[in-house]
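Below is one structure, written out as structure tokens; comments come after it.
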Amino acid sequence: MALSDDQIVEKIRGGAKHHYRYLVERYKDRGMTLALRILRNREEAEEALQDAFVRAFRGLDAFKGESRFGTWFYRIVYNACLSRLEKKNPAITHVEWDENREFEIEEMGNSIPLLAEIEMRDLAGIVKKIIDSMPEKYAAILTLFYFQELSHDEICQIMNLPLGTVKTHLFRARAMLYKRLQNDIMAGVSV
Amino acid sequence: MSHLTMAQLLEYVDGVRNDIVSAHLSGCAECRAQLQSLIAMDQRIRAIPPDHPTDLFGPQVMSRLGVRESSSLVWTVVRNLAPLIALSAVTGIVFVVLNVAGVFGSSNIGDSVSATGKIAGSVSQAIDGGLSIFRSWTQKLLPSVIVGSSSTMVFFLLAVFGGVALLDKFIFNPLWRRRFGQSSAIQQ
């Protein structure tokens, strides 16, 4: 039977440091997804993720088990990515998205059922492309919600935002995603 | 009749139940269809496979941390010798089973079995010869440790093996980590 995250952490703290590879194996793909959606560059995302794993390992004593290991780790990944963005372009994290832009989405039209006809590979490409075109906070929030399947509370912890803000951002990001999906599919956008 | 807003529909998709929304949905086919579409879309987006780092990602992280897969030389030796140990065990079991079944003593099996028995006998003699040479050397070089019995020799070998394992754990391994762990971190 596979060990739980907490059991692996206990083993590492007990000296069996090589057990960390199980956590690396368990979280590398989802961590990569988050880093890639924020940084939009595979090489940089991998470097940021590596930094995050190293920081997490060295800071394991700070992990008190109050949240899930995954939540704690994604926060480290998120911060590692933001640090890289700030270093690359100090202004980029201060860019405010036009909150009112493209959110007149009360009417979704009747094209949503078309999604059922799209191949998963194509859908993945379109969704990633749309997320990559959003500001990083929306990209991060969508990734945490859809791909890491985290709750609102966990997203709050990772992004260090109040619950209300997370709910608002998430609603806007999802609405934006749906609307663009709808437009792209209707327009027959190739990925 | 005004339809539900996107915010209301998304809350419903997320499991937030509201009497007004539920009542509206029960009477509005258009909003129900919209809701079903949103649920289906959410499920499909969640099913998108994650991205993967390169194959060397895991080993690179462990290398940066200077953590070997196992810190024990004993485990490394056992792991590397595992195929040989397994092969020996299987051969031994087959040999014992055939012996117990009386195959080696039977004249019906033919010459091939007796030839196999001869080969096994010669291998056994070779091993015995090697052990006796090793024993005579150790008796000359370490007379105070080896008094001639096989059990003390086994204990002596175990002690040597344990000593090497301790050296590896507390001296060679930290040196290796300091030497290669840091350099690999710098490279990255």
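Residues are referred to by chain and number: the chain letter is A, B, ... according to the order shown in the structure tokens, the number counts from 1 in that chain, and ligands are numbered separately from 1 in the order shown.
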Counting only C-alpha atoms, which residues from chain A have an atom at most 7 Å from any atom of chain B, and could you show them as a PDB file with C-alpha atoms, in the first residue's frame?
ATOM      1  CA  LYS A  17      15.739  11.238   3.220  1.00  0.00           C
ATOM      2  CA  HIS A  18      15.676   9.167   0.057  1.00  0.00           C
ATOM      3  CA  ARG A  21      11.743  10.920  -4.228  1.00  0.00           C
ATOM      4  CA  VAL A  24       8.850  14.331  -6.065  1.00  0.00           C
ATOM      5  CA  GLU A  25       7.281  11.574  -8.144  1.00  0.00           C
ATOM      6  CA  ASP A  29       3.410  16.568 -12.875  1.00  0.00           C
ATOM      7  CA  ARG A  30       0.839  18.692 -11.091  1.00  0.00           C
ATOM      8  CA  MET A  32       4.781  21.316 -13.539  1.00  0.00           C
ATOM      9  CA  THR A  33       1.265  22.091 -14.720  1.00  0.00           C
ATOM     10  CA  GLU A  46      11.030  23.150 -14.728  1.00  0.00           C
ATOM     11  CA  GLN A  50      13.102  22.208  -9.069  1.00  0.00           C
ATOM     12  CA  VAL A  54      14.555  21.966  -3.012  1.00  0.00           C
ATOM     13  CA  GLU A 106     -24.476  36.210 -18.819  1.00  0.00           C
ATOM     14  CA  ILE A 112     -21.570  24.639 -25.197  1.00  0.00           C
ATOM     15  CA  PRO A 113     -22.776  21.154 -26.203  1.00  0.00           C
ATOM     16  CA  LEU A 115     -17.599  20.698 -26.509  1.00  0.00           C
ATOM     17  CA  ALA A 124      -6.419  20.291 -23.774  1.00  0.00           C
ATOM     18  CA  TYR A 146      -9.287  22.443 -12.257  1.00  0.00           C
ATOM     19  CA  PHE A 147      -6.011  20.556 -12.420  1.00  0.00           C
ATOM     20  CA  PHE A 171     -15.680  33.084 -11.179  1.00  0.00           C
TER      21      PHE A 171
END
For range 5-36 of chain A against range 69-78 of chain A, with a cut-off of 12 Å and counting only C-alpha atoms, what is the closest atom pair and its distance in Å to one decimal for every residue that makes the cut, ordered by chain and number, as JSON lines?
{"residue": "A:Asp5", "atom": "CA", "partner": "A:Phe69", "partner_atom": "CA", "distance": 6.4}
{"residue": "A:Asp6", "atom": "CA", "partner": "A:Phe69", "partner_atom": "CA", "distance": 7.2}
{"residue": "A:Gln7", "atom": "CA", "partner": "A:Phe69", "partner_atom": "CA", "distance": 10.6}
{"residue": "A:Ile8", "atom": "CA", "partner": "A:Phe69", "partner_atom": "CA", "distance": 10.2}
{"residue": "A:Val9", "atom": "CA", "partner": "A:Phe69", "partner_atom": "CA", "distance": 8.7}
{"residue": "A:Glu10", "atom": "CA", "partner": "A:Phe69", "partner_atom": "CA", "distance": 11.7}
{"residue": "A:Leu23", "atom": "CA", "partner": "A:Phe69", "partner_atom": "CA", "distance": 9.3}
{"residue": "A:Val24", "atom": "CA", "partner": "A:Phe73", "partner_atom": "CA", "distance": 10.5}
{"residue": "A:Arg26", "atom": "CA", "partner": "A:Gly70", "partner_atom": "CA", "distance": 9.5}
{"residue": "A:Tyr27", "atom": "CA", "partner": "A:Gly70", "partner_atom": "CA", "distance": 7.6}
{"residue": "A:Lys28", "atom": "CA", "partner": "A:Val77", "partner_atom": "CA", "distance": 10.5}
{"residue": "A:Asp29", "atom": "CA", "partner": "A:Tyr74", "partner_atom": "CA", "distance": 11.7}
{"residue": "A:Arg30", "atom": "CA", "partner": "A:Tyr74", "partner_atom": "CA", "distance": 8.9}
{"residue": "A:Gly31", "atom": "CA", "partner": "A:Tyr74", "partner_atom": "CA", "distance": 6.8}
{"residue": "A:Met32", "atom": "CA", "partner": "A:Val77", "partner_atom": "CA", "distance": 8.9}
{"residue": "A:Thr33", "atom": "CA", "partner": "A:Val77", "partner_atom": "CA", "distance": 10.4}
{"residue": "A:Leu34", "atom": "CA", "partner": "A:Tyr78", "partner_atom": "CA", "distance": 7.5}
{"residue": "A:Ala35", "atom": "CA", "partner": "A:Val77", "partner_atom": "CA", "distance": 6.8}
{"residue": "A:Leu36", "atom": "CA", "partner": "A:Val77", "partner_atom": "CA", "distance": 10.6}
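Using only C-alpha atoms, the protein and nucleic acid residues lying no more than 10 Å from His24 in chain B, apart from those fewer than 6 places from it along its own chain, are Met1, Ser2, His3, Leu4, Asn18, Cys31 and Arg32 of chain B.
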Residues from the last selection, C-alpha atoms, saved as an mmCIF file, in the first residue's frame:
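Result saved to result_0.cif:
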data_model
loop_
_atom_site.group_PDB
_atom_site.id
_atom_site.type_symbol
_atom_site.label_atom_id
_atom_site.label_comp_id
_atom_site.auth_asym_id
_atom_site.auth_seq_id
_atom_site.Cartn_x
_atom_site.Cartn_y
_atom_site.Cartn_z
ATOM 1 C CA MET B 1 -38.831 35.057 -17.816
ATOM 2 C CA SER B 2 -35.267 35.975 -16.867
ATOM 3 C CA HIS B 3 -32.755 33.146 -16.827
ATOM 4 C CA LEU B 4 -30.169 32.274 -14.214
ATOM 5 C CA ASN B 18 -30.096 27.646 -3.331
ATOM 6 C CA CYS B 31 -31.232 26.821 -17.849
ATOM 7 C CA ARG B 32 -31.194 23.092 -17.117
#
(message) So the first atom is CA of Val21 in chain B and the second is CA of Gln8 in chain B; what is the distance between them in Å, to one decimal place?
(response) 7.2 Å
(message) Between CA of Glu154 in chain A and CA of Leu170 in chain A, what distance in Å does the model show, to one decimal?
(response)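 Computing it gives 12.9 Å between the two atoms.
Here CA of Ile39 in chain B and CA of Cys156 in chain A stand 23.5 Å from one another.
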